[in-house]
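Participant: Contents of coords.csv (CSV, C-alpha atoms and all ligand atoms) are below:
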```csv
chain,number,residue,atom,x,y,z
A,1,MET,CA,5.8,49.8,1.0
A,2,ALA,CA,4.7,46.2,0.5
A,3,THR,CA,7.4,43.7,-0.5
A,4,ARG,CA,6.8,42.7,-4.2
A,5,ASN,CA,8.1,39.5,-5.6
A,6,VAL,CA,8.9,38.9,-9.3
A,7,ASN,CA,5.8,37.3,-10.5
A,8,PHE,CA,6.1,34.8,-13.4
A,9,ASN,CA,2.6,33.4,-13.0
A,10,PRO,CA,1.1,32.3,-16.3
A,11,GLY,CA,-2.3,33.8,-15.5
A,12,PRO,CA,-3.7,35.5,-13.6
A,13,ALA,CA,-0.4,37.2,-13.9
A,14,ALA,CA,1.6,40.3,-12.9
A,15,LEU,CA,-0.1,43.7,-13.1
A,16,PRO,CA,1.8,47.0,-13.2
A,17,LEU,CA,2.4,48.3,-9.7
A,18,GLU,CA,1.1,51.8,-10.7
A,19,VAL,CA,-2.2,50.2,-11.8
A,20,LEU,CA,-2.6,48.4,-8.5
A,21,GLN,CA,-1.8,51.6,-6.6
A,22,THR,CA,-4.4,53.6,-8.5
A,23,VAL,CA,-7.0,50.8,-7.8
A,24,GLN,CA,-6.1,51.1,-4.2
A,25,ASP,CA,-6.3,54.9,-4.1
A,26,GLU,CA,-9.7,54.9,-5.8
A,27,LEU,CA,-11.2,51.8,-4.2
A,28,LEU,CA,-13.2,53.4,-1.4
A,29,ASP,CA,-14.3,56.6,-3.0
A,30,TYR,CA,-14.3,56.6,-6.8
A,31,HIS,CA,-13.8,60.1,-8.1
A,32,GLY,CA,-15.7,61.8,-5.3
A,33,THR,CA,-18.8,59.6,-5.6
A,34,GLY,CA,-18.5,58.4,-2.0
A,35,MET,CA,-18.6,54.8,-3.1
A,36,SER,CA,-16.4,52.2,-4.8
A,37,ILE,CA,-16.7,51.5,-8.5
A,38,LEU,CA,-17.4,47.9,-7.2
A,39,GLU,CA,-20.6,49.2,-5.8
A,40,SER,CA,-21.7,51.4,-8.7
A,41,SER,CA,-24.4,50.7,-11.3
A,42,HIS,CA,-23.2,49.5,-14.6
A,43,ARG,CA,-25.8,51.9,-16.1
A,44,GLY,CA,-24.5,54.9,-14.1
A,45,LYS,CA,-22.5,57.7,-15.7
A,46,GLU,CA,-19.2,56.8,-13.9
A,47,PHE,CA,-19.1,53.3,-15.3
A,48,GLU,CA,-20.5,54.4,-18.7
A,49,ALA,CA,-17.5,56.7,-19.0
A,50,ILE,CA,-15.1,53.9,-18.1
A,51,ASN,CA,-16.7,51.6,-20.6
A,52,ASP,CA,-16.6,54.2,-23.4
A,53,GLN,CA,-13.0,55.1,-22.6
A,54,THR,CA,-11.9,51.5,-22.5
A,55,ILE,CA,-13.4,50.8,-25.9
A,56,ALA,CA,-11.7,53.9,-27.3
A,57,LEU,CA,-8.3,52.9,-25.7
A,58,ILE,CA,-8.5,49.4,-27.2
A,59,ARG,CA,-9.0,51.0,-30.6
A,60,GLU,CA,-6.2,53.5,-30.1
A,61,VAL,CA,-3.6,51.1,-28.6
A,62,LEU,CA,-4.3,48.3,-31.1
A,63,GLY,CA,-4.8,50.6,-34.1
A,64,LEU,CA,-8.3,49.6,-35.0
A,65,THR,CA,-10.7,51.6,-37.2
A,66,ASP,CA,-14.3,52.2,-36.2
A,67,ASP,CA,-15.6,49.2,-38.1
A,68,TYR,CA,-14.3,47.0,-35.3
A,69,HIS,CA,-16.7,46.3,-32.4
A,70,VAL,CA,-15.0,46.0,-29.0
A,71,LEU,CA,-16.8,43.8,-26.5
A,72,PHE,CA,-16.1,42.9,-22.9
A,73,LEU,CA,-17.6,39.6,-22.0
A,74,GLY,CA,-17.6,37.1,-19.1
A,75,GLY,CA,-16.7,33.4,-19.3
A,76,GLY,CA,-13.0,33.6,-20.2
A,77,ALA,CA,-11.4,32.7,-23.4
A,78,SER,CA,-12.7,29.2,-23.1
A,79,THR,CA,-16.3,30.5,-23.6
A,80,GLN,CA,-15.1,32.0,-26.9
A,81,PHE,CA,-13.9,28.5,-28.0
A,82,ALA,CA,-17.7,27.7,-28.1
A,83,LEU,CA,-19.2,31.0,-29.1
A,84,VAL,CA,-17.0,31.5,-32.2
A,85,PRO,CA,-18.2,28.3,-34.0
A,86,MET,CA,-21.8,28.7,-32.7
A,87,ASN,CA,-22.0,32.2,-34.2
A,88,PHE,CA,-20.0,31.7,-37.4
A,89,ALA,CA,-20.4,28.1,-38.5
A,90,GLY,CA,-23.5,26.0,-39.2
A,91,GLU,CA,-23.8,22.3,-38.6
A,92,ASP,CA,-22.9,21.5,-42.2
A,93,GLN,CA,-20.2,24.1,-42.6
A,94,VAL,CA,-16.5,23.7,-42.2
A,95,ALA,CA,-14.3,25.7,-39.9
A,96,ALA,CA,-10.5,25.3,-40.2
A,97,TYR,CA,-8.2,25.1,-37.1
A,98,ALA,CA,-4.4,25.3,-36.6
A,99,ASP,CA,-3.6,22.8,-33.9
A,100,THR,CA,-0.4,24.3,-32.4
A,101,GLY,CA,-0.9,23.7,-28.7
A,102,GLU,CA,-3.1,22.7,-25.9
A,103,PHE,CA,-5.4,25.7,-26.0
A,104,ALA,CA,-5.6,25.7,-29.8
A,105,SER,CA,-6.6,22.0,-29.5
A,106,LYS,CA,-9.2,22.8,-26.9
A,107,ALA,CA,-10.7,25.5,-29.2
A,108,MET,CA,-10.8,22.9,-32.0
A,109,LYS,CA,-12.5,20.3,-29.9
A,110,GLU,CA,-15.2,22.7,-28.7
A,111,ALA,CA,-15.9,23.5,-32.4
A,112,LYS,CA,-16.7,19.9,-33.1
A,113,SER,CA,-20.0,20.2,-31.3
A,114,ALA,CA,-21.1,23.1,-33.5
A,115,CYS,CA,-19.8,22.3,-37.0
A,116,ARG,CA,-17.4,20.2,-39.1
A,117,VAL,CA,-13.8,20.8,-38.3
A,118,HIS,CA,-10.9,20.8,-40.7
A,119,VAL,CA,-7.4,20.5,-39.3
A,120,ALA,CA,-5.4,23.1,-41.3
A,121,PHE,CA,-2.2,22.1,-39.5
A,122,SER,CA,-1.2,20.1,-36.5
A,123,SER,CA,2.1,19.9,-34.6
A,124,LYS,CA,0.7,17.6,-32.0
A,125,GLU,CA,3.0,14.7,-33.1
A,126,ASP,CA,6.0,16.9,-32.5
A,127,LYS,CA,4.7,17.8,-29.0
A,128,TYR,CA,3.8,21.3,-30.3
A,129,ARG,CA,7.4,22.4,-30.4
A,130,ALA,CA,7.0,24.6,-33.5
A,131,ILE,CA,4.8,26.9,-35.4
A,132,PRO,CA,4.5,25.8,-39.1
A,133,PRO,CA,5.8,27.7,-42.1
A,134,MET,CA,3.0,30.1,-43.2
A,135,ASP,CA,2.6,28.4,-46.6
A,136,SER,CA,2.0,25.0,-45.1
A,137,PHE,CA,-1.6,25.7,-43.9
A,138,ASP,CA,-4.2,23.6,-45.6
A,139,ILE,CA,-7.3,25.9,-45.7
A,140,PRO,CA,-10.4,24.7,-47.6
A,141,ALA,CA,-11.7,27.5,-49.9
A,142,ASP,CA,-15.2,27.1,-48.4
A,143,ALA,CA,-14.0,27.2,-44.7
A,144,THR,CA,-16.1,29.8,-42.7
A,145,TYR,CA,-12.9,30.8,-41.0
A,146,LEU,CA,-9.4,29.8,-39.9
A,147,HIS,CA,-8.7,29.8,-36.2
A,148,VAL,CA,-5.2,30.2,-34.8
A,149,CYS,CA,-3.8,30.7,-31.3
A,150,THR,CA,-1.2,33.4,-31.7
A,151,ASN,CA,0.8,32.5,-28.6
A,152,ASN,CA,0.9,29.0,-27.2
A,153,THR,CA,1.0,29.7,-23.5
A,154,ILE,CA,1.8,26.2,-22.3
A,155,GLU,CA,4.4,25.2,-24.9
A,156,GLY,CA,6.1,28.6,-25.3
A,157,THR,CA,5.7,29.1,-29.0
A,158,GLN,CA,4.3,32.1,-30.9
A,159,PHE,CA,3.3,33.1,-34.4
A,160,HIS,CA,5.7,35.7,-35.7
A,161,ASP,CA,3.8,35.9,-39.0
A,162,PHE,CA,0.3,35.0,-40.0
A,163,PRO,CA,-1.0,32.8,-42.8
A,164,ARG,CA,-2.5,34.5,-45.8
A,165,THR,CA,-6.1,33.2,-45.9
A,166,GLY,CA,-7.5,34.9,-49.1
A,167,ASN,CA,-11.2,35.2,-48.6
A,168,VAL,CA,-11.3,33.0,-45.5
A,169,PRO,CA,-11.7,35.2,-42.4
A,170,LEU,CA,-8.8,34.8,-39.9
A,171,ILE,CA,-9.8,34.4,-36.2
A,172,ALA,CA,-7.3,34.3,-33.3
A,173,ASP,CA,-7.1,33.5,-29.6
A,174,MET,CA,-4.6,36.1,-28.5
A,175,SER,CA,-5.1,35.5,-24.7
A,176,SER,CA,-1.4,35.4,-23.9
A,177,ASP,CA,0.2,38.0,-26.3
A,178,ILE,CA,-2.4,40.6,-26.9
A,179,ALA,CA,-1.0,44.2,-26.8
A,180,SER,CA,2.6,42.9,-26.4
A,181,ARG,CA,3.9,43.8,-29.8
A,182,GLN,CA,3.1,45.7,-33.0
A,183,ILE,CA,1.1,43.6,-35.4
A,184,ASP,CA,-1.6,44.5,-37.9
A,185,TYR,CA,-4.7,43.6,-35.8
A,186,GLN,CA,-6.9,44.5,-38.8
A,187,ARG,CA,-5.8,41.3,-40.5
A,188,PHE,CA,-8.2,39.5,-38.2
A,189,ALA,CA,-11.9,39.3,-38.6
A,190,LEU,CA,-12.3,38.5,-35.0
A,191,PHE,CA,-9.8,38.1,-32.1
A,192,TYR,CA,-10.3,37.5,-28.4
A,193,ALA,CA,-8.2,37.4,-25.2
A,194,GLY,CA,-8.9,36.6,-21.6
A,195,ALA,CA,-7.7,39.7,-19.8
A,196,GLN,CA,-5.7,37.9,-17.1
A,197,LYS,CA,-2.3,37.7,-18.9
A,198,ASN,CA,-1.7,41.1,-20.5
A,199,LEU,CA,-4.7,43.3,-20.0
A,200,GLY,CA,-6.0,43.0,-16.4
A,201,PRO,CA,-7.6,40.6,-14.0
A,202,SER,CA,-9.5,37.4,-14.7
A,203,GLY,CA,-13.2,37.7,-15.3
A,204,VAL,CA,-13.3,39.8,-18.4
A,205,THR,CA,-12.6,38.7,-21.9
A,206,LEU,CA,-11.9,41.1,-24.7
A,207,VAL,CA,-13.6,40.2,-28.0
A,208,VAL,CA,-13.0,42.3,-31.2
A,209,ILE,CA,-15.1,41.7,-34.3
A,210,ARG,CA,-15.0,43.4,-37.7
A,211,ASP,CA,-18.5,44.7,-38.6
A,212,ASP,CA,-18.8,43.0,-42.0
A,213,PHE,CA,-17.9,39.6,-40.4
A,214,LEU,CA,-20.3,40.1,-37.6
A,215,ASN,CA,-23.0,40.6,-40.2
A,216,THR,CA,-22.5,37.0,-41.3
A,217,ALA,CA,-23.2,35.6,-37.7
A,218,ARG,CA,-26.1,33.3,-37.1
A,219,GLN,CA,-29.1,35.0,-35.5
A,220,ASP,CA,-30.9,31.9,-34.4
A,221,LEU,CA,-29.0,31.5,-31.1
A,222,PRO,CA,-30.2,32.6,-27.6
A,223,ALA,CA,-29.7,36.3,-27.3
A,224,ILE,CA,-27.0,36.0,-24.6
A,225,LEU,CA,-24.9,33.8,-26.9
A,226,ARG,CA,-25.0,36.1,-29.9
A,227,TYR,CA,-22.1,38.5,-30.5
A,228,ARG,CA,-24.6,40.8,-32.2
A,229,THR,CA,-26.5,41.3,-28.9
A,230,HIS,CA,-23.4,42.5,-27.1
A,231,ALA,CA,-22.2,44.6,-30.0
A,232,ASP,CA,-25.5,46.4,-30.2
A,233,ASN,CA,-25.5,47.1,-26.5
A,234,LYS,CA,-21.9,48.1,-25.9
A,235,SER,CA,-21.5,45.0,-23.7
A,236,LEU,CA,-24.2,46.3,-21.4
A,237,TYR,CA,-27.0,43.8,-22.4
A,238,ASN,CA,-26.5,42.3,-19.0
A,239,THR,CA,-24.1,43.3,-16.1
A,240,PRO,CA,-20.6,43.2,-17.6
A,241,PRO,CA,-17.4,42.4,-15.5
A,242,VAL,CA,-17.3,46.0,-14.2
A,243,PHE,CA,-14.2,45.9,-12.1
A,244,GLY,CA,-12.2,44.0,-14.7
A,245,ILE,CA,-13.1,46.6,-17.4
A,246,TYR,CA,-12.0,49.4,-15.0
A,247,ILE,CA,-8.6,47.7,-14.4
A,248,MET,CA,-8.3,47.1,-18.2
A,249,LYS,CA,-8.7,50.8,-18.7
A,250,LEU,CA,-5.9,51.5,-16.2
A,251,VAL,CA,-3.6,48.9,-17.9
A,252,LEU,CA,-4.2,50.4,-21.3
A,253,GLU,CA,-3.4,53.9,-20.0
A,254,TRP,CA,-0.2,52.4,-18.5
A,255,ILE,CA,0.7,51.0,-22.0
A,256,GLN,CA,0.1,54.4,-23.5
A,257,ARG,CA,2.4,56.1,-20.9
A,258,ASN,CA,5.1,53.5,-21.8
A,259,GLY,CA,5.1,54.4,-25.5
A,260,GLY,CA,2.1,52.4,-26.7
A,261,LEU,CA,2.7,49.1,-28.5
A,262,ALA,CA,6.0,50.4,-29.9
A,263,GLY,CA,7.4,51.0,-26.4
A,264,VAL,CA,6.0,47.8,-25.0
A,265,GLU,CA,7.5,45.8,-27.9
A,266,ARG,CA,10.9,47.4,-27.4
A,267,THR,CA,10.9,46.3,-23.7
A,268,ASN,CA,9.5,42.8,-24.5
A,269,SER,CA,12.1,42.3,-27.1
A,270,ALA,CA,14.9,43.2,-24.7
A,271,LYS,CA,13.4,40.9,-22.1
A,272,LYS,CA,13.2,37.9,-24.3
A,273,ASP,CA,16.7,38.5,-25.7
A,274,LEU,CA,18.2,38.6,-22.2
A,275,LEU,CA,16.4,35.5,-21.0
A,276,TYR,CA,16.9,33.3,-24.1
A,277,GLY,CA,20.5,34.6,-24.2
A,278,ALA,CA,21.0,33.2,-20.7
A,279,ILE,CA,19.5,29.9,-21.7
A,280,ASP,CA,21.5,29.6,-24.9
A,281,ALA,CA,24.7,30.6,-23.1
A,282,ALA,CA,24.6,27.3,-21.1
A,283,PRO,CA,23.3,24.8,-23.6
A,284,ASP,CA,24.5,21.8,-21.6
A,285,PHE,CA,22.5,22.9,-18.6
A,286,TYR,CA,19.5,25.0,-19.7
A,287,ARG,CA,17.7,23.7,-22.8
A,288,GLY,CA,15.0,25.8,-24.5
A,289,ALA,CA,11.9,23.6,-25.0
A,290,ALA,CA,10.5,25.3,-28.1
A,291,ASP,CA,11.9,25.3,-31.6
A,292,LYS,CA,14.2,28.4,-31.9
A,293,ALA,CA,12.4,30.1,-34.8
A,294,SER,CA,9.0,29.6,-33.0
A,295,ARG,CA,10.0,30.9,-29.6
A,296,SER,CA,7.5,32.9,-27.7
A,297,TRP,CA,8.3,36.4,-26.3
A,298,MET,CA,5.7,35.9,-23.6
A,299,ASN,CA,6.2,32.3,-22.2
A,300,VAL,CA,9.8,31.1,-22.1
A,301,THR,CA,9.9,27.3,-21.6
A,302,MET,CA,13.1,25.3,-20.7
A,303,ARG,CA,14.3,22.0,-19.3
A,304,LEU,CA,17.2,21.3,-16.9
A,305,PRO,CA,19.2,18.0,-17.0
A,306,SER,CA,16.9,16.3,-14.5
A,307,GLU,CA,13.5,16.8,-12.8
A,308,ASP,CA,15.3,17.0,-9.5
A,309,LEU,CA,17.3,19.9,-10.7
A,310,GLU,CA,14.2,21.6,-12.0
A,311,ALA,CA,12.5,21.2,-8.6
A,312,LYS,CA,15.6,22.7,-6.9
A,313,PHE,CA,15.7,25.5,-9.5
A,314,ILE,CA,12.1,26.4,-8.6
A,315,ALA,CA,12.7,26.2,-4.9
A,316,ASP,CA,15.9,28.3,-4.9
A,317,ALA,CA,14.3,30.8,-7.2
A,318,LYS,CA,11.4,31.1,-4.8
A,319,ASN,CA,13.8,31.9,-2.0
A,320,GLU,CA,15.0,34.8,-4.0
A,321,GLY,CA,11.5,36.1,-4.7
A,322,LEU,CA,11.2,34.7,-8.2
A,323,LEU,CA,7.7,33.1,-8.2
A,324,GLY,CA,5.5,31.1,-10.6
A,325,LEU,CA,8.2,29.2,-12.5
A,326,LYS,CA,6.7,25.7,-12.6
A,327,GLY,CA,5.9,24.6,-16.1
A,328,HIS,CA,2.3,23.6,-16.9
A,329,ARG,CA,1.4,20.3,-15.4
A,330,SER,CA,1.0,18.7,-18.8
A,331,VAL,CA,4.5,19.4,-20.0
A,332,GLY,CA,6.7,20.0,-16.8
A,333,GLY,CA,10.0,21.9,-16.9
A,334,ILE,CA,10.3,25.6,-16.2
A,335,ARG,CA,8.2,28.3,-17.6
A,336,PHE,CA,8.9,32.1,-17.3
A,337,SER,CA,5.7,34.0,-18.2
A,338,ILE,CA,7.1,37.4,-19.0
A,339,TYR,CA,4.0,39.4,-19.9
A,340,ASN,CA,4.0,43.2,-20.3
A,341,ALA,CA,4.0,43.9,-16.5
A,342,VAL,CA,7.2,42.0,-15.9
A,343,SER,CA,10.1,44.4,-16.2
A,344,LEU,CA,13.5,44.2,-17.8
A,345,GLU,CA,15.0,44.6,-14.3
A,346,ASP,CA,13.0,41.6,-13.2
A,347,ILE,CA,14.6,39.6,-16.0
A,348,GLN,CA,18.1,40.9,-15.2
A,349,LYS,CA,17.6,39.6,-11.6
A,350,THR,CA,16.5,36.3,-13.0
A,351,VAL,CA,19.4,35.9,-15.3
A,352,ASP,CA,21.8,36.7,-12.5
A,353,PHE,CA,20.1,34.0,-10.4
A,354,MET,CA,20.4,31.5,-13.3
A,355,GLU,CA,24.1,32.0,-13.7
A,356,ARG,CA,24.7,31.5,-9.9
A,357,PHE,CA,22.4,28.4,-9.9
A,358,GLN,CA,24.2,26.8,-12.7
A,359,LYS,CA,27.6,27.3,-11.1
A,360,SER,CA,26.4,25.9,-7.8
A,361,ALA,CA,24.7,22.8,-9.3
B,401,LIG,C1,-5.1,31.2,-20.5
B,401,LIG,C2,-5.5,30.9,-21.9
B,401,LIG,C3,-6.8,30.4,-22.3
B,401,LIG,C4,-7.8,30.1,-21.2
B,401,LIG,O1,-8.5,31.2,-20.8
B,401,LIG,P1,-9.7,31.2,-19.7
B,401,LIG,O2,-9.9,32.6,-19.5
B,401,LIG,O3,-9.2,30.4,-18.5
B,401,LIG,O4,-10.8,30.5,-20.3
B,401,LIG,C5,-7.1,30.2,-23.6
B,401,LIG,N1,-6.2,30.4,-24.5
B,401,LIG,C6,-5.0,30.8,-24.3
B,401,LIG,C7,-4.0,31.1,-25.4
B,401,LIG,C8,-4.6,31.1,-23.0
B,401,LIG,O5,-3.3,31.5,-22.7
```
Now, as a test, write the supplied structure out as structure tokens.
Ligand SMILES: *Cc1c(COP(=O)(O)O)cnc(C)c1O

Facilitator:
Amino acid sequence: MATRNVNFNPGPAALPLEVLQTVQDELLDYHGTGMSILESSHRGKEFEAINDQTIALIREVLGLTDDYHVLFLGGGASTQFALVPMNFAGEDQVAAYADTGEFASKAMKEAKSACRVHVAFSSKEDKYRAIPPMDSFDIPADATYLHVCTNNTIEGTQFHDFPRTGNVPLIADMSSDIASRQIDYQRFALFYAGAQKNLGPSGVTLVVIRDDFLNTARQDLPAILRYRTHADNKSLYNTPPVFGIYIMKLVLEWIQRNGGLAGVERTNSAKKDLLYGAIDAAPDFYRGAADKASRSWMNVTMRLPSEDLEAKFIADAKNEGLLGLKGHRSVGGIRFSIYNAVSLEDIQKTVDFMERFQKSA
């Protein structure tokens, strides 16, 4: 058995061990075909079955009706930052953005090359420490959509509710908290997520679009950049990220075996309670970086009394097999990325380490 460390990497991130083992078992000979799925045609029946099953699993796990298109695209979440405004806003139209973190801000900046941008809310001045009250969004009635980032991966804040937007379609970047809790996914006209945090490996991005909203998309773009093209072809207009979709299917089956989103949410809730509990139990030593009411269940950020202690914390943790704890280069500090595949036992080990570290410091 290989030695497995506790993996707190922010993305690409931990994958369930069972999923990796299945990939290993099936790698050389996929279901008796005598070849790897890596070597199989994306138009062959083996991959077609994987594609169809993954679409069905996304609908089932997230609770989506048939009027939602499920797409698997390349280019990462960052490509969606550009495709969303290109497809859904004209040059003289206004798109509204909530600026709650670095990725949200990147999405907003990218939109500026396609349309007019209205800042519905910004916490930039407050170093993105908090998510705003839901009634504080300023959404123009003629906005083509409001874009939010549901979990701010770098800062460690998360939307625990969503703004009521009336007739304005709600769009979300869910890269770092998709499928981690029970929410009403059907509140969104479109949402997307790079797979490499909660759904699989990097290289595939999930995009989900409600049909009536897709019907409002611009058709005067190059075919490859139109969501319509990919929706009409079940993401097989060109070669899709075949291996990533296959692993996503295995991850979704793992979620189902663990009680679906209800089960995953229960575990994630216990994980964040344990970890934030350890931070709050030593307020003179560990200091949570995010506003308490806005704390993320997925990315837990904290500071120590000095940068030297933070460096020692990271080094000592590494010696105990706790990896990937360095905060994002733009904010520093410590960040525990505790996506679905990080277990409650992993967090217990971490909390024990934190207690010992504090005593020895
Ligand atoms: C990681 C991340 C991204 C960037 O995704 P890429 O796949 O690297 O383009 C965008 N948004 C959020 C919220 C993220 O966590």

Participant: I'd like to know which of A:Cys149, A:Leu221, A:Val61, A:Leu199 is closest to ligand LIG 401 (chain B), using all atoms listed in the file.

Facilitator: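 Using all atoms listed in the file, ligand LIG 401 (chain B) sits closest to A:Cys149.
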
Participant: Let me have all residues with an atom within 9 Å of ligand LIG 401 (chain B), counting all atoms listed in the file, laid out as a PDB file with C-alpha atoms, in the coordinates of the input.

Facilitator:
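Produced file out-v8.pdb, reproduced below:
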```
ATOM      1  CA  PRO A  10       1.100  32.300 -16.300  1.00  0.00           C
ATOM      2  CA  GLY A  11      -2.300  33.800 -15.500  1.00  0.00           C
ATOM      3  CA  PRO A  12      -3.700  35.500 -13.600  1.00  0.00           C
ATOM      4  CA  GLY A  74     -17.600  37.100 -19.100  1.00  0.00           C
ATOM      5  CA  GLY A  75     -16.700  33.400 -19.300  1.00  0.00           C
ATOM      6  CA  GLY A  76     -13.000  33.600 -20.200  1.00  0.00           C
ATOM      7  CA  ALA A  77     -11.400  32.700 -23.400  1.00  0.00           C
ATOM      8  CA  SER A  78     -12.700  29.200 -23.100  1.00  0.00           C
ATOM      9  CA  THR A  79     -16.300  30.500 -23.600  1.00  0.00           C
ATOM     10  CA  GLN A  80     -15.100  32.000 -26.900  1.00  0.00           C
ATOM     11  CA  PHE A  81     -13.900  28.500 -28.000  1.00  0.00           C
ATOM     12  CA  GLY A 101      -0.900  23.700 -28.700  1.00  0.00           C
ATOM     13  CA  GLU A 102      -3.100  22.700 -25.900  1.00  0.00           C
ATOM     14  CA  PHE A 103      -5.400  25.700 -26.000  1.00  0.00           C
ATOM     15  CA  ALA A 104      -5.600  25.700 -29.800  1.00  0.00           C
ATOM     16  CA  LYS A 106      -9.200  22.800 -26.900  1.00  0.00           C
ATOM     17  CA  ALA A 107     -10.700  25.500 -29.200  1.00  0.00           C
ATOM     18  CA  CYS A 149      -3.800  30.700 -31.300  1.00  0.00           C
ATOM     19  CA  THR A 150      -1.200  33.400 -31.700  1.00  0.00           C
ATOM     20  CA  ASN A 151       0.800  32.500 -28.600  1.00  0.00           C
ATOM     21  CA  ASN A 152       0.900  29.000 -27.200  1.00  0.00           C
ATOM     22  CA  THR A 153       1.000  29.700 -23.500  1.00  0.00           C
ATOM     23  CA  ILE A 154       1.800  26.200 -22.300  1.00  0.00           C
ATOM     24  CA  ASP A 173      -7.100  33.500 -29.600  1.00  0.00           C
ATOM     25  CA  MET A 174      -4.600  36.100 -28.500  1.00  0.00           C
ATOM     26  CA  SER A 175      -5.100  35.500 -24.700  1.00  0.00           C
ATOM     27  CA  SER A 176      -1.400  35.400 -23.900  1.00  0.00           C
ATOM     28  CA  ASP A 177       0.200  38.000 -26.300  1.00  0.00           C
ATOM     29  CA  ALA A 193      -8.200  37.400 -25.200  1.00  0.00           C
ATOM     30  CA  GLY A 194      -8.900  36.600 -21.600  1.00  0.00           C
ATOM     31  CA  ALA A 195      -7.700  39.700 -19.800  1.00  0.00           C
ATOM     32  CA  GLN A 196      -5.700  37.900 -17.100  1.00  0.00           C
ATOM     33  CA  LYS A 197      -2.300  37.700 -18.900  1.00  0.00           C
ATOM     34  CA  SER A 202      -9.500  37.400 -14.700  1.00  0.00           C
ATOM     35  CA  GLY A 203     -13.200  37.700 -15.300  1.00  0.00           C
ATOM     36  CA  VAL A 204     -13.300  39.800 -18.400  1.00  0.00           C
ATOM     37  CA  THR A 205     -12.600  38.700 -21.900  1.00  0.00           C
TER      38      THR A 205
END
```

Participant: Quick one: residues within 12 Å of (-24.9, 41.3, -15.3) (file frame), counting all atoms listed in the file, please, as JSON, numbers by chain.

Facilitator: {"A": [41, 42, 43, 72, 73, 74, 224, 230, 235, 236, 237, 238, 239, 240, 241, 242]}

Participant: Around the point (17.2, 27.5, -8.6) (coordinates from the file), which residues reach within 9 Å if we count all atoms listed in the file? Answer as a list in words.

Facilitator: Leu309, Glu310, Ala311, Lys312, Phe313, Ile314, Ala315, Asp316, Ala317, Lys318, Asn319, Glu320, Phe353, Met354, Arg356, Phe357, Gln358 and Ala361 of chain A

Participant: Point out the residue among A:Ala281, A:Leu322, A:Val331, A:Glu18 with the least atom-to-atom distance to A:Thr301, counting all atoms listed in the file.

Facilitator: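 Counting all atoms listed in the file, the residue closest to A:Thr301 is A:Val331.
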
Participant: Applying 10 Å and all atoms listed in the file, which residues near A:Ile334 remain after dropping the ones on its own chain fewer than 6 positions away? List them as a PyMOL selection string.

Facilitator: chain A and resi 286+288-289+299-304+307+310-311+313-314+324-328

Participant: Put those residues in a file: C-alpha atoms, as a short mmCIF file (atom, residue, chain, number, x, y, z; two decimals), in the frame of the given file.

Facilitator:
```
data_model
loop_
_atom_site.label_atom_id
_atom_site.label_comp_id
_atom_site.auth_asym_id
_atom_site.auth_seq_id
_atom_site.Cartn_x
_atom_site.Cartn_y
_atom_site.Cartn_z
CA TYR A 286 19.50 25.00 -19.70
CA GLY A 288 15.00 25.80 -24.50
CA ALA A 289 11.90 23.60 -25.00
CA ASN A 299 6.20 32.30 -22.20
CA VAL A 300 9.80 31.10 -22.10
CA THR A 301 9.90 27.30 -21.60
CA MET A 302 13.10 25.30 -20.70
CA ARG A 303 14.30 22.00 -19.30
CA LEU A 304 17.20 21.30 -16.90
CA GLU A 307 13.50 16.80 -12.80
CA GLU A 310 14.20 21.60 -12.00
CA ALA A 311 12.50 21.20 -8.60
CA PHE A 313 15.70 25.50 -9.50
CA ILE A 314 12.10 26.40 -8.60
CA GLY A 324 5.50 31.10 -10.60
CA LEU A 325 8.20 29.20 -12.50
CA LYS A 326 6.70 25.70 -12.60
CA GLY A 327 5.90 24.60 -16.10
CA HIS A 328 2.30 23.60 -16.90
#
```

Participant: I'd like to know which of A:Glu46, A:Asp92, A:Asp161, A:Asp346 is closest to A:Phe8, using all atoms listed in the file.

Facilitator: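 The closest residue to A:Phe8 is A:Asp346.
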
Participant: Any idea what the distance is between atom CA of A:Lys272 and atom CA of A:Tyr339?

Facilitator: 10.3 Å

Participant: I need the residue nearest A:Asp280 from this list: A:Ala341, A:Gly321, A:Ala172, A:Glu355. Use all atoms listed in the file for the distance.

Facilitator: A:Glu355

Participant: Figure out the distance between atom CA of A:Leu38 and atom CA of A:Asn7, please, to one decimal in Å.

Facilitator: 25.7 Å

Participant: Can you work out which one of A:Ile255, A:His160, A:Glu345, A:Thr267 has the shortest atom-to-atom distance to A:Arg295, counting all atoms listed in the file?

Facilitator: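 Result for the nearest residue to A:Arg295: A:His160.
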